[in-house]
>>> print(open('work.pdb').read())   # PDB, C-alpha atoms and all ligand atoms
ATOM      1  CA  ILE Q1118      15.764  26.588  -4.258
ATOM      2  CA  LYS Q1119      19.389  25.852  -3.407
ATOM      3  CA  PRO Q1120      20.320  22.304  -2.395
ATOM      4  CA  ILE Q1121      21.398  21.828   1.210
ATOM      5  CA  VAL Q1122      24.647  20.030   1.972
ATOM      6  CA  ALA Q1123      25.144  19.052   5.621
ATOM      7  CA  VAL Q1124      28.675  18.541   6.935
ATOM      8  CA  VAL Q1125      28.548  15.906   9.653
ATOM      9  CA  GLY Q1126      31.023  13.899  11.709
ATOM     10  CA  ARG Q1127      32.259  13.575  15.239
ATOM     11  CA  PRO Q1128      33.980  16.525  16.970
ATOM     12  CA  ASN Q1129      37.484  17.570  15.946
ATOM     13  CA  VAL Q1130      37.648  15.836  12.551
ATOM     14  CA  GLY Q1131      37.885  19.241  10.851
ATOM     15  CA  LYS Q1132      34.315  19.939   9.716
ATOM     16  CA  SER Q1133      34.488  23.681  10.371
ATOM     17  CA  THR Q1134      37.939  23.939   8.810
ATOM     18  CA  LEU Q1135      36.578  22.183   5.712
ATOM     19  CA  VAL Q1136      33.558  24.499   5.629
ATOM     20  CA  ASN Q1137      35.896  27.517   5.706
ATOM     21  CA  ARG Q1138      37.986  25.969   2.948
ATOM     22  CA  ILE Q1139      34.887  25.471   0.782
ATOM     23  CA  LEU Q1140      33.611  28.978   1.500
ATOM     24  CA  GLY Q1141      37.035  30.474   0.846
ATOM     25  CA  ARG Q1142      36.702  32.541   3.982
ATOM     26  CA  ARG Q1143      36.855  32.069   7.747
ATOM     27  CA  GLU Q1144      33.293  32.058   8.999
ATOM     28  CA  ALA Q1145      32.867  28.701  10.653
ATOM     29  CA  VAL Q1146      34.431  28.585  14.112
ATOM     30  CA  VAL Q1147      37.353  26.186  14.328
ATOM     31  CA  GLN Q1148      37.788  24.681  17.779
ATOM     32  CA  ASP Q1149      41.007  23.328  19.134
ATOM     33  CA  GLN Q1150      39.014  21.868  22.006
ATOM     34  CA  PRO Q1151      36.334  19.356  20.995
ATOM     35  CA  GLY Q1152      32.889  19.429  22.548
ATOM     36  CA  VAL Q1153      32.252  23.168  22.732
ATOM     37  CA  THR Q1154      28.536  23.845  22.371
ATOM     38  CA  ARG Q1155      27.500  25.658  19.237
ATOM     39  CA  ASP Q1156      24.463  25.692  16.987
ATOM     40  CA  ARG Q1157      24.207  24.496  13.449
ATOM     41  CA  VAL Q1158      25.164  27.287  11.062
ATOM     42  CA  SER Q1159      24.220  27.657   7.396
ATOM     43  CA  TYR Q1160      26.323  29.410   4.792
ATOM     44  CA  ASP Q1161      25.705  30.289   1.136
ATOM     45  CA  ALA Q1162      28.313  28.526  -0.958
ATOM     46  CA  ASN Q1163      29.196  28.221  -4.613
ATOM     47  CA  TRP Q1164      31.253  25.730  -6.577
ATOM     48  CA  ASN Q1165      31.848  26.137 -10.312
ATOM     49  CA  GLY Q1166      28.795  28.368 -10.547
ATOM     50  CA  ARG Q1167      26.513  26.002  -8.651
ATOM     51  CA  GLU Q1168      24.979  27.520  -5.578
ATOM     52  CA  PHE Q1169      24.194  25.509  -2.486
ATOM     53  CA  VAL Q1170      23.727  25.933   1.245
ATOM     54  CA  LEU Q1171      26.438  24.461   3.424
ATOM     55  CA  VAL Q1172      25.457  23.496   6.969
ATOM     56  CA  ASP Q1173      28.222  23.145   9.550
ATOM     57  CA  THR Q1174      27.224  20.958  12.479
ATOM     58  CA  GLY Q1175      28.759  20.172  15.810
ATOM     59  CA  GLY Q1176      29.251  21.529  19.218
ATOM     60  CA  TRP Q1177      27.479  19.413  21.754
ATOM     61  CA  MET Q1178      28.253  18.437  25.280
ATOM     62  CA  SER Q1179      27.961  14.901  26.510
ATOM     63  CA  ASP Q1180      29.643  12.562  28.922
ATOM     64  CA  ALA Q1181      32.017  10.081  27.300
ATOM     65  CA  GLN Q1182      29.436   7.289  27.386
ATOM     66  CA  GLY Q1183      26.677   9.282  25.749
ATOM     67  CA  MET Q1184      28.955  10.853  23.157
ATOM     68  CA  ALA Q1185      28.310   8.542  20.217
ATOM     69  CA  ALA Q1186      24.552   8.798  20.806
ATOM     70  CA  ALA Q1187      24.678  12.589  21.099
ATOM     71  CA  ILE Q1188      26.688  12.881  17.896
ATOM     72  CA  ALA Q1189      24.325  10.547  16.070
ATOM     73  CA  GLU Q1190      21.313  12.523  17.268
ATOM     74  CA  GLN Q1191      22.772  15.835  16.122
ATOM     75  CA  ALA Q1192      23.749  14.310  12.784
ATOM     76  CA  GLU Q1193      20.280  12.837  12.350
ATOM     77  CA  LEU Q1194      18.619  16.244  12.472
ATOM     78  CA  ALA Q1195      21.066  17.832  10.039
ATOM     79  CA  ILE Q1196      20.856  14.847   7.686
ATOM     80  CA  SER Q1197      17.058  14.887   7.666
ATOM     81  CA  LEU Q1198      17.117  18.506   6.451
ATOM     82  CA  ALA Q1199      19.818  17.947   3.821
ATOM     83  CA  ASP Q1200      19.777  16.999   0.140
ATOM     84  CA  ALA Q1201      23.272  15.530   0.397
ATOM     85  CA  VAL Q1202      25.688  14.806   3.214
ATOM     86  CA  LEU Q1203      29.389  15.440   3.442
ATOM     87  CA  PHE Q1204      30.583  12.981   6.067
ATOM     88  CA  VAL Q1205      33.981  13.847   7.504
ATOM     89  CA  VAL Q1206      36.327  11.399   9.213
ATOM     90  CA  ASP Q1207      39.886  11.872  10.480
ATOM     91  CA  ALA Q1208      42.368   9.822   8.457
ATOM     92  CA  THR Q1209      45.058  10.297  11.113
ATOM     93  CA  VAL Q1210      42.888   8.588  13.732
ATOM     94  CA  GLY Q1211      40.972   5.962  11.772
ATOM     95  CA  THR Q1212      37.414   4.823  12.335
ATOM     96  CA  THR Q1213      35.890   5.177  15.811
ATOM     97  CA  ASP Q1214      32.636   4.057  17.472
ATOM     98  CA  GLU Q1215      31.415   7.624  17.082
ATOM     99  CA  ASP Q1216      32.016   7.471  13.327
ATOM    100  CA  GLU Q1217      30.143   4.156  13.198
ATOM    101  CA  ALA Q1218      27.177   5.698  15.030
ATOM    102  CA  VAL Q1219      26.912   8.388  12.362
ATOM    103  CA  VAL Q1220      27.254   5.782   9.593
ATOM    104  CA  ARG Q1221      24.191   3.953  10.933
ATOM    105  CA  VAL Q1222      22.186   7.177  10.758
ATOM    106  CA  LEU Q1223      23.453   7.831   7.235
ATOM    107  CA  ARG Q1224      22.394   4.339   6.086
ATOM    108  CA  ARG Q1225      18.891   4.794   7.449
ATOM    109  CA  SER Q1226      18.518   8.223   5.845
ATOM    110  CA  GLN Q1227      19.211   6.962   2.306
ATOM    111  CA  LYS Q1228      20.531  10.428   1.440
ATOM    112  CA  PRO Q1229      23.482  10.734  -0.934
ATOM    113  CA  VAL Q1230      26.722  10.653   1.072
ATOM    114  CA  VAL Q1231      30.220  11.701   0.095
ATOM    115  CA  LEU Q1232      32.979  10.570   2.438
ATOM    116  CA  ALA Q1233      35.847  12.963   3.176
ATOM    117  CA  ALA Q1234      38.929  11.478   4.855
ATOM    118  CA  ASN Q1235      40.410  14.649   6.307
ATOM    119  CA  LYS Q1236      43.853  15.603   7.624
ATOM    120  CA  VAL Q1237      45.631  13.902   4.730
ATOM    121  CA  ASP Q1238      48.241  16.650   4.794
ATOM    122  CA  ASP Q1239      50.803  14.558   2.970
ATOM    123  CA  GLN Q1240      51.217  11.367   0.927
ATOM    124  CA  ARG Q1241      51.955   9.386   4.075
ATOM    125  CA  HIS Q1242      48.327   9.534   5.164
ATOM    126  CA  GLU Q1243      46.801   8.442   1.852
ATOM    127  CA  MET Q1244      46.922   4.793   2.921
ATOM    128  CA  MET Q1245      44.909   5.644   6.036
ATOM    129  CA  ALA Q1246      42.312   7.382   3.900
ATOM    130  CA  ALA Q1247      41.997   4.232   1.771
ATOM    131  CA  THR Q1248      41.132   2.166   4.868
ATOM    132  CA  MET Q1249      37.942   4.249   5.109
ATOM    133  CA  TRP Q1250      36.501   2.093   2.310
ATOM    134  CA  ASN Q1251      35.602  -0.210   5.223
ATOM    135  CA  LEU Q1252      32.834   2.181   6.263
ATOM    136  CA  GLY Q1253      30.858   0.937   3.254
ATOM    137  CA  LEU Q1254      30.072   4.431   2.003
ATOM    138  CA  GLY Q1255      31.977   4.193  -1.257
ATOM    139  CA  GLU Q1256      35.154   5.983  -2.240
ATOM    140  CA  PRO Q1257      36.847   7.974   0.523
ATOM    141  CA  PHE Q1258      38.101  11.322  -0.778
ATOM    142  CA  PRO Q1259      41.444  12.179   0.816
ATOM    143  CA  VAL Q1260      41.487  15.863   1.734
ATOM    144  CA  SER Q1261      43.407  18.319   3.848
ATOM    145  CA  ALA Q1262      41.045  21.060   4.935
ATOM    146  CA  LEU Q1263      44.041  22.823   6.444
ATOM    147  CA  HIS Q1264      46.045  22.965   3.210
ATOM    148  CA  GLY Q1265      43.244  22.736   0.633
ATOM    149  CA  ARG Q1266      44.374  19.408  -0.733
ATOM    150  CA  GLY Q1267      41.677  17.413  -2.557
ATOM    151  CA  SER Q1268      38.797  19.804  -1.919
ATOM    152  CA  GLY Q1269      38.026  20.291  -5.639
ATOM    153  CA  ASP Q1270      37.479  16.592  -6.338
ATOM    154  CA  LEU Q1271      35.457  16.359  -3.144
ATOM    155  CA  LEU Q1272      33.136  19.206  -4.139
ATOM    156  CA  ASP Q1273      32.686  17.761  -7.631
ATOM    157  CA  ALA Q1274      31.544  14.516  -6.012
ATOM    158  CA  VAL Q1275      29.204  16.288  -3.585
ATOM    159  CA  LEU Q1276      27.453  18.311  -6.270
ATOM    160  CA  ASN Q1277      27.284  15.316  -8.644
ATOM    161  CA  SER Q1278      25.568  13.332  -5.890
ATOM    162  CA  ILE Q1279      22.594  15.702  -5.727
TER
HETATM  163  P1  LIG Q1301      35.279  20.148  13.920
HETATM  164  O1  LIG Q1301      35.063  19.974  15.384
HETATM  165  O2  LIG Q1301      35.007  18.870  13.186
HETATM  166  O3  LIG Q1301      34.524  21.301  13.338
HETATM  167  O4  LIG Q1301      36.836  20.420  13.705
HETATM  168  P2  LIG Q1301      37.609  21.834  13.526
HETATM  169  O5  LIG Q1301      37.419  22.343  12.131
HETATM  170  O6  LIG Q1301      37.216  22.751  14.637
HETATM  171  O7  LIG Q1301      39.126  21.356  13.628
HETATM  172  C1  LIG Q1301      39.596  20.665  14.774
HETATM  173  C2  LIG Q1301      41.108  20.687  14.771
HETATM  174  O8  LIG Q1301      41.606  19.947  13.656
HETATM  175  C3  LIG Q1301      41.693  22.089  14.646
HETATM  176  O9  LIG Q1301      42.832  22.154  15.452
HETATM  177  C4  LIG Q1301      42.066  22.184  13.171
HETATM  178  O10 LIG Q1301      43.098  23.087  12.909
HETATM  179  C5  LIG Q1301      42.500  20.739  12.887
HETATM  180  N1  LIG Q1301      42.381  20.387  11.452
HETATM  181  C6  LIG Q1301      41.307  20.570  10.647
HETATM  182  N2  LIG Q1301      41.572  20.167   9.383
HETATM  183  C7  LIG Q1301      42.839  19.696   9.383
HETATM  184  C8  LIG Q1301      43.699  19.128   8.369
HETATM  185  O11 LIG Q1301      43.357  18.975   7.204
HETATM  186  N3  LIG Q1301      44.942  18.761   8.783
HETATM  187  C9  LIG Q1301      45.364  18.908  10.055
HETATM  188  N4  LIG Q1301      46.606  18.506  10.345
HETATM  189  N5  LIG Q1301      44.598  19.443  11.032
HETATM  190  C10 LIG Q1301      43.356  19.837  10.707
HETATM  191 MG    MG Q1302      33.192  22.626  14.151
END
>>> encode(input="work.pdb", output="structure tokens", more="lines below")
Ligand code: GDP
Ligand code: MG
Amino acid sequence: IKPIVAVVGRPNVGKSTLVNRILGRREAVVQDQPGVTRDRVSYDANWNGREFVLVDTGGWMSDAQGMAAAIAEQAELAISLADAVLFVVDATVGTTDEDEAVVRVLRRSQKPVVLAANKVDDQRHEMMAATMWNLGLGEPFPVSALHGRGSGDLLDAVLNSI
């Protein structure tokens, strides 16, 4: 049985872009507008000969007030079904209440978590990625899903966590 890796995080942090980067093909739908409703989608993936199932999450509608709760609820389901979690945050924005809501779910789940600080397209954003240590989830891996930066180290960490 292949291990399941769930990719979770609030809308627009680049989850689907990262999934496409990992798959090496464009299957996950990248949205320029956050909050478009879409189901969870599973993909067969492979890294250095290790097979796993990658689950892209996201796509829910909610009013601004209920957003953090809606994101946390969606994440909770995906996390409960996963063997490991790839938690994505946006290093160009920093930590938000919505990120914190997902972190609380992650803590409760006690599943292995690897933290990806995405949109580190250049050196300039590496400092921002480092501030993600404050989430208390261990080392933040700076990545650029758009350019492919850092995805190898990230995947090594994900598969080592299982
Ligand atoms: P999701 O809602 O978390 O699945 O995010 P998407 O993958 O749909 O991406 C949301 C937006 O962020 C899109 O406009 C992407 O092109 C952009 N994006 C994703 N990854 C990166 C990245 O590494 N760098 C930059 N600059 N933009 C990114
Ligand atoms: Mg998406």
>>> residues_near_ligand(input="work.pdb", ligand="ligand MG 1302 (chain Q)", cutoff="8 Å", atoms="all atoms listed in the file", output="ChimeraX atom specification")
/Q:1128-1129,1131-1134,1145-1148,1173-1176
>>> residues_near_ligand(input="work.pdb", ligand="ligand LIG 1301 (chain Q)", cutoff="10 Å", atoms="only C-alpha atoms and all ligand atoms", output="PyMOL selection string")
chain Q and resi 1124-1138+1145-1153+1173-1177+1205-1209+1234-1239+1259-1266
>>> closest_residue(input="work.pdb", among="Q:Leu1140, Q:Met1249, Q:Thr1213, Q:Ala1192", to="Asn1163 in chain Q", atoms="all atoms listed in the file")
Q:Leu1140
>>> residues_near_point(input="work.pdb", point="(21.1, 26.7, 8.1)", cutoff="8 Å", atoms="all atoms listed in the file", output="ChimeraX atom specification")
/Q:1157-1160,1170-1172
>>> resolve_selection(input="work.pdb", expression="the PyMOL selection byres (((chain Q and resi 1252) around 9) and not hetatm)", output="PyMOL selection string")
chain Q and resi 1212+1216-1217+1220+1248-1251+1253-1255
>>> atom_distance(input="work.pdb", atom1="CA of Asp1273 in chain Q", atom2="CA of Ala1185 in chain Q")
29.7 Å
>>> resolve_selection(input="work.pdb", expression="the PyMOL selection byres (((chain Q and resi 1224) around 12) and not hetatm)", output="ChimeraX atom specification")
/Q:1189,1193,1196-1197,1202,1204,1217-1223,1225-1230,1252-1254
>>> axis_aligned_box(input="work.pdb", around="range 1138-1148 of chain Q", padding_each_side="3 Å", output="AutoDock Vina command-line options")
--center_x 35.4 --center_y 28.6 --center_z 9.3 --size_x 11.1 --size_y 13.9 --size_z 23.0
>>> atom_distance(input="work.pdb", atom1="CA of Pro1257 in chain Q", atom2="CA of Asn1165 in chain Q")
21.7 Å
>>> atom_distance(input="work.pdb", atom1="CA of Asp1214 in chain Q", atom2="CA of Leu1276 in chain Q")
28.2 Å
>>> residues_around(input="work.pdb", residues="Ile1118 in chain Q", least_positions_apart="2", cutoff="12 Å", atoms="only C-alpha atoms", output="list of chain:residue names")
Q:Pro1120, Q:Ile1121, Q:Asp1161, Q:Arg1167, Q:Glu1168, Q:Phe1169, Q:Val1170, Q:Asp1200
>>> decode(input="work.pdb", residues="range 1207-1263 of chain Q", atoms="C-alpha atoms", output="PDB file, in the first residue's frame")
ATOM      1  CA  ASP Q1207       3.369  31.648   1.638  1.00  0.00           C
ATOM      2  CA  ALA Q1208       6.746  33.146   2.539  1.00  0.00           C
ATOM      3  CA  THR Q1209       5.880  36.396   0.752  1.00  0.00           C
ATOM      4  CA  VAL Q1210       2.893  36.956   3.044  1.00  0.00           C
ATOM      5  CA  GLY Q1211       4.003  35.513   6.374  1.00  0.00           C
ATOM      6  CA  THR Q1212       1.874  33.689   8.908  1.00  0.00           C
ATOM      7  CA  THR Q1213      -1.873  34.375   9.006  1.00  0.00           C
ATOM      8  CA  ASP Q1214      -4.754  33.377  11.310  1.00  0.00           C
ATOM      9  CA  GLU Q1215      -5.758  30.849   8.670  1.00  0.00           C
ATOM     10  CA  ASP Q1216      -2.305  29.255   8.813  1.00  0.00           C
ATOM     11  CA  GLU Q1217      -2.555  29.139  12.613  1.00  0.00           C
ATOM     12  CA  ALA Q1218      -5.933  27.386  12.392  1.00  0.00           C
ATOM     13  CA  VAL Q1219      -4.379  24.633  10.284  1.00  0.00           C
ATOM     14  CA  VAL Q1220      -1.411  24.377  12.671  1.00  0.00           C
ATOM     15  CA  ARG Q1221      -3.788  23.621  15.551  1.00  0.00           C
ATOM     16  CA  VAL Q1222      -5.319  20.779  13.545  1.00  0.00           C
ATOM     17  CA  LEU Q1223      -1.861  19.478  12.657  1.00  0.00           C
ATOM     18  CA  ARG Q1224      -0.803  19.457  16.334  1.00  0.00           C
ATOM     19  CA  ARG Q1225      -3.869  17.483  17.355  1.00  0.00           C
ATOM     20  CA  SER Q1226      -3.394  14.952  14.555  1.00  0.00           C
ATOM     21  CA  GLN Q1227       0.140  13.986  15.638  1.00  0.00           C
ATOM     22  CA  LYS Q1228       0.892  13.085  12.015  1.00  0.00           C
ATOM     23  CA  PRO Q1229       4.357  13.789  10.623  1.00  0.00           C
ATOM     24  CA  VAL Q1230       4.426  17.299   9.141  1.00  0.00           C
ATOM     25  CA  VAL Q1231       6.883  18.886   6.746  1.00  0.00           C
ATOM     26  CA  LEU Q1232       6.619  22.652   6.391  1.00  0.00           C
ATOM     27  CA  ALA Q1233       7.068  24.200   2.941  1.00  0.00           C
ATOM     28  CA  ALA Q1234       7.591  27.973   2.809  1.00  0.00           C
ATOM     29  CA  ASN Q1235       6.567  28.598  -0.785  1.00  0.00           C
ATOM     30  CA  LYS Q1236       7.115  31.461  -3.235  1.00  0.00           C
ATOM     31  CA  VAL Q1237      10.774  31.820  -2.278  1.00  0.00           C
ATOM     32  CA  ASP Q1238      11.576  32.662  -5.885  1.00  0.00           C
ATOM     33  CA  ASP Q1239      14.838  34.346  -4.994  1.00  0.00           C
ATOM     34  CA  GLN Q1240      17.356  34.779  -2.166  1.00  0.00           C
ATOM     35  CA  ARG Q1241      15.520  37.860  -0.935  1.00  0.00           C
ATOM     36  CA  HIS Q1242      12.674  35.765   0.436  1.00  0.00           C
ATOM     37  CA  GLU Q1243      14.815  33.242   2.317  1.00  0.00           C
ATOM     38  CA  MET Q1244      14.692  35.380   5.462  1.00  0.00           C
ATOM     39  CA  MET Q1245      10.889  35.311   5.354  1.00  0.00           C
ATOM     40  CA  ALA Q1246      10.951  31.536   5.078  1.00  0.00           C
ATOM     41  CA  ALA Q1247      13.147  31.374   8.194  1.00  0.00           C
ATOM     42  CA  THR Q1248      10.523  33.294  10.203  1.00  0.00           C
ATOM     43  CA  MET Q1249       8.240  30.274   9.707  1.00  0.00           C
ATOM     44  CA  TRP Q1250      10.205  28.523  12.469  1.00  0.00           C
ATOM     45  CA  ASN Q1251       7.761  30.409  14.719  1.00  0.00           C
ATOM     46  CA  LEU Q1252       4.981  28.020  13.707  1.00  0.00           C
ATOM     47  CA  GLY Q1253       6.663  25.398  15.899  1.00  0.00           C
ATOM     48  CA  LEU Q1254       6.615  22.737  13.196  1.00  0.00           C
ATOM     49  CA  GLY Q1255      10.363  22.402  12.812  1.00  0.00           C
ATOM     50  CA  GLU Q1256      12.514  23.456   9.891  1.00  0.00           C
ATOM     51  CA  PRO Q1257      10.743  25.436   7.170  1.00  0.00           C
ATOM     52  CA  PHE Q1258      11.843  24.291   3.713  1.00  0.00           C
ATOM     53  CA  PRO Q1259      12.127  27.274   1.373  1.00  0.00           C
ATOM     54  CA  VAL Q1260      10.687  26.350  -2.017  1.00  0.00           C
ATOM     55  CA  SER Q1261       9.485  27.949  -5.208  1.00  0.00           C
ATOM     56  CA  ALA Q1262       6.814  25.742  -6.714  1.00  0.00           C
ATOM     57  CA  LEU Q1263       6.812  28.064  -9.710  1.00  0.00           C
TER      58      LEU Q1263
END
